[in-house]
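Asks: Below is one structure. I have some questions about it.
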Amino acid sequence: MQRLILDAVTKSYGSDQVLKNASLRIASADFISVVGPSGSGKTTLLGIMGGLERPTTGRVEFDGEDLTAFDDRKLSEYRNRKVGFIHQMFNLIPFLTASENVMVPMVIGGRQAHFVSSRATELLGFVGMKGKATMLPRQLSGGEQQRVAVARALSNEPEIILADEPTANLDEKNERVIIEYLQRLVQSGKAVVLATHDAALAQRAARMCTIEEGILNEI
């Protein structure tokens, strides 16, 4: 089943066109990598997939609905309920504990308090961080912070995980751990899109795309 479809999507900032007629179809349990150098358009592409940015032209569909026609409220609901984001810099809230960081998307989504607490505990267990639930981000290593970020991305049981250079700041051991988590998500039926500049890492995905100067091609 096709979950997310990009059809001839472009994105321009003034006279600078950073995406050029990008088309891609993403199904449940797809693991797709997008590999390209810095500035090639990877982050913009993921931003459009995740509803963080609107395309200049083209069409973006999720489960048959046109995201480009969504108002800001519906787009916010899409981001909160259907998409999980994992960022290169972790983006944890520094004054919240690991558990509280995982809870944030659920609280924003209006989930019941008992569900929020138990779900956070479950997800921290999934990423091997249950014993550090009460620690602040500054008390965690980079690899541990990224594990919390993975747990947070899963909090509202999204259909699609968008990972933007999630291992760029990690050592080889933690890189392997994060990729293994992503592969487990695919096995559970989630779609994962991994943006990276690392061609070797990109080859871990079942499908591989290249992007250069805004032009997306599937290999």
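Here, A, B, ... name the chains of the structure tokens in the order displayed, residue numbers run from 1 inside each chain, and ligands are numbered from 1 in the same displayed order.
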Select from stretch 55-123 of chain A every residue with an atom at most 12 Å from any atom of stretch 178-186 of chain A, then for each give the shortest pair of atoms and their distance in Å to one decimal, using only C-alpha atoms, rows by chain and rising number, as CSV.
Replies:
residue,atom,partner,partner_atom,distance
A:Gly84,CA,A:Leu185,CA,11.5
A:Ile86,CA,A:Ile178,CA,10.5
A:Gln88,CA,A:Ile178,CA,11.8
A:Leu123,CA,A:Tyr181,CA,11.5
Asks: Mind checking which residues fall within 7 Å of A:Pro137, counting only C-alpha atoms, ignoring those fewer than 6 positions away in the same chain, and posting them as a JSON list (two decimals) with N, CA and C atoms, in the first residue's frame?
Replies:
[["chain", "number", "residue", "atom", "x", "y", "z"],
["A", 92, "LEU", "N", 16.69, 17.51, 21.74],
["A", 92, "LEU", "CA", 15.99, 17.27, 22.99],
["A", 92, "LEU", "C", 15.86, 18.59, 23.76],
["A", 94, "PRO", "N", 16.41, 20.69, 26.76],
["A", 94, "PRO", "CA", 17.46, 20.50, 27.76],
["A", 94, "PRO", "C", 17.00, 20.44, 29.21],
["A", 97, "THR", "N", 13.56, 15.76, 31.39],
["A", 97, "THR", "CA", 14.22, 14.47, 31.49],
["A", 97, "THR", "C", 14.03, 13.67, 30.21],
["A", 98, "ALA", "N", 14.73, 12.55, 30.12],
["A", 98, "ALA", "CA", 14.57, 11.69, 28.95],
["A", 98, "ALA", "C", 13.11, 11.27, 28.79],
["A", 145, "GLN", "N", 21.47, 10.19, 23.85],
["A", 145, "GLN", "CA", 20.51, 11.23, 23.46],
["A", 145, "GLN", "C", 19.79, 10.86, 22.16]]
Asks: Can you write out as a Markdown table which residues of stretch 82-149 of chain A fall within 12 Å of stretch 71-78 of chain A, alongside each residue's closest atom pair and its distance in Å to one decimal, counting only C-alpha atoms and ordering rows by chain and ascending residue number?
Replies:
| residue | atom | partner | partner_atom | distance |
| --- | --- | --- | --- | --- |
| A:Lys82 | CA | A:Tyr78 | CA | 5.3 |
| A:Val83 | CA | A:Tyr78 | CA | 6.9 |
| A:Gly84 | CA | A:Tyr78 | CA | 10.1 |
| A:Pro105 | CA | A:Glu77 | CA | 10.7 |
| A:Met106 | CA | A:Glu77 | CA | 11.6 |
| A:Ile108 | CA | A:Glu77 | CA | 9.7 |
| A:Gly109 | CA | A:Glu77 | CA | 7.8 |
| A:Gly110 | CA | A:Glu77 | CA | 10.8 |
Asks: Please, which residues of stretch 16-125 of chain A, numbered as in this document, come out strand (DSSP E or B) from DSSP, as number ranges by chain?
Replies: A: 16-27, 31-35, 57-62, 65-66, 83-86
Asks: Just how far from atom CA of A:Ala149 is atom CA of A:Met1, in Å to one decimal?
Replies: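 Distance between the two atoms: 27.5 Å.
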Asks: Can you tell me, as a ChimeraX atom specification, what residues are no more than 10 Å from A:Lys130 when counting only C-alpha atoms, ignoring any on the same chain fewer than 5 positions away?
Replies: /A:98-99,120-125,148
Asks: Counting only C-alpha atoms, give me one row per residue of stretch 23-125 of chain A with an atom at most 10 Å from an atom of stretch 157-176 of chain A, showing the shortest contact pair and its distance in Å to one decimal, sorted by chain then residue number, as a Markdown table.
Replies:
| residue | atom | partner | partner_atom | distance |
| --- | --- | --- | --- | --- |
| A:Ile26 | CA | A:Ile160 | CA | 9.1 |
| A:Ala27 | CA | A:Ile160 | CA | 9.3 |
| A:Ser28 | CA | A:Glu159 | CA | 7.5 |
| A:Ala29 | CA | A:Ile160 | CA | 9.0 |
| A:Asp30 | CA | A:Ile160 | CA | 9.2 |
| A:Phe31 | CA | A:Ile161 | CA | 9.6 |
| A:Ile32 | CA | A:Leu162 | CA | 9.9 |
| A:Ser33 | CA | A:Ala163 | CA | 9.3 |
| A:Val34 | CA | A:Asp164 | CA | 9.5 |
| A:Val35 | CA | A:Glu165 | CA | 9.7 |
| A:Lys42 | CA | A:Asp164 | CA | 7.9 |
| A:Thr43 | CA | A:Asp164 | CA | 6.7 |
| A:Leu46 | CA | A:Leu162 | CA | 6.6 |
| A:Gly47 | CA | A:Leu162 | CA | 8.8 |
| A:Met49 | CA | A:Leu162 | CA | 8.2 |
| A:Gly50 | CA | A:Leu162 | CA | 7.4 |
| A:Tyr78 | CA | A:Pro158 | CA | 9.4 |
| A:Arg79 | CA | A:Pro158 | CA | 8.9 |
| A:Asn80 | CA | A:Pro158 | CA | 8.1 |
| A:Arg81 | CA | A:Pro158 | CA | 5.7 |
| A:Lys82 | CA | A:Pro158 | CA | 4.3 |
| A:Val83 | CA | A:Pro158 | CA | 4.9 |
| A:Gly84 | CA | A:Ile161 | CA | 4.6 |
| A:Phe85 | CA | A:Leu162 | CA | 5.0 |
| A:Ile86 | CA | A:Ala163 | CA | 4.6 |
| A:His87 | CA | A:Asp164 | CA | 5.1 |
| A:Gln88 | CA | A:Pro166 | CA | 4.6 |
| A:Met89 | CA | A:Asn169 | CA | 7.6 |
| A:Phe90 | CA | A:Pro166 | CA | 7.9 |
| A:Met106 | CA | A:Glu157 | CA | 9.7 |
| A:Arg119 | CA | A:Glu157 | CA | 9.9 |
Asks: Measuring atom to atom with only C-alpha atoms, identify which of A:Leu136, A:Glu65, A:Gly39, A:Gly214 is nearest to A:Val9.
Replies: A:Gly214
Asks: Determine the nearest neighbour of A:Ala69 from the options A:Asp16, A:Val116, A:Leu45, A:Arg54, counting only C-alpha atoms.
Replies: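 For A:Ala69, the nearest of the given residues is A:Arg54.
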Asks: For the atom pair atom CA of A:Gln17 and atom CA of A:Ala199, what is the interatomic distance in Å to one decimal place?
Replies: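 Going from atom CA of A:Gln17 over to atom CA of A:Ala199, I get 24.3 Å.
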Asks: Could you pull out all residues of stretch 93-211 of chain A with a DSSP call of alpha helix (DSSP H) and give them as a PyMOL selection string?
Replies: chain A and resi 98-108+113-126+142-153+172-187+199-202
Asks: Closest to A:Thr44 among A:Gln112, A:Gln187, A:Thr56, A:Thr68, using only C-alpha atoms?
Replies: A:Thr56
Asks: By how many Å are atom CA of A:Arg147 and atom CA of A:Ala205 apart?
Replies: 19.4 Å
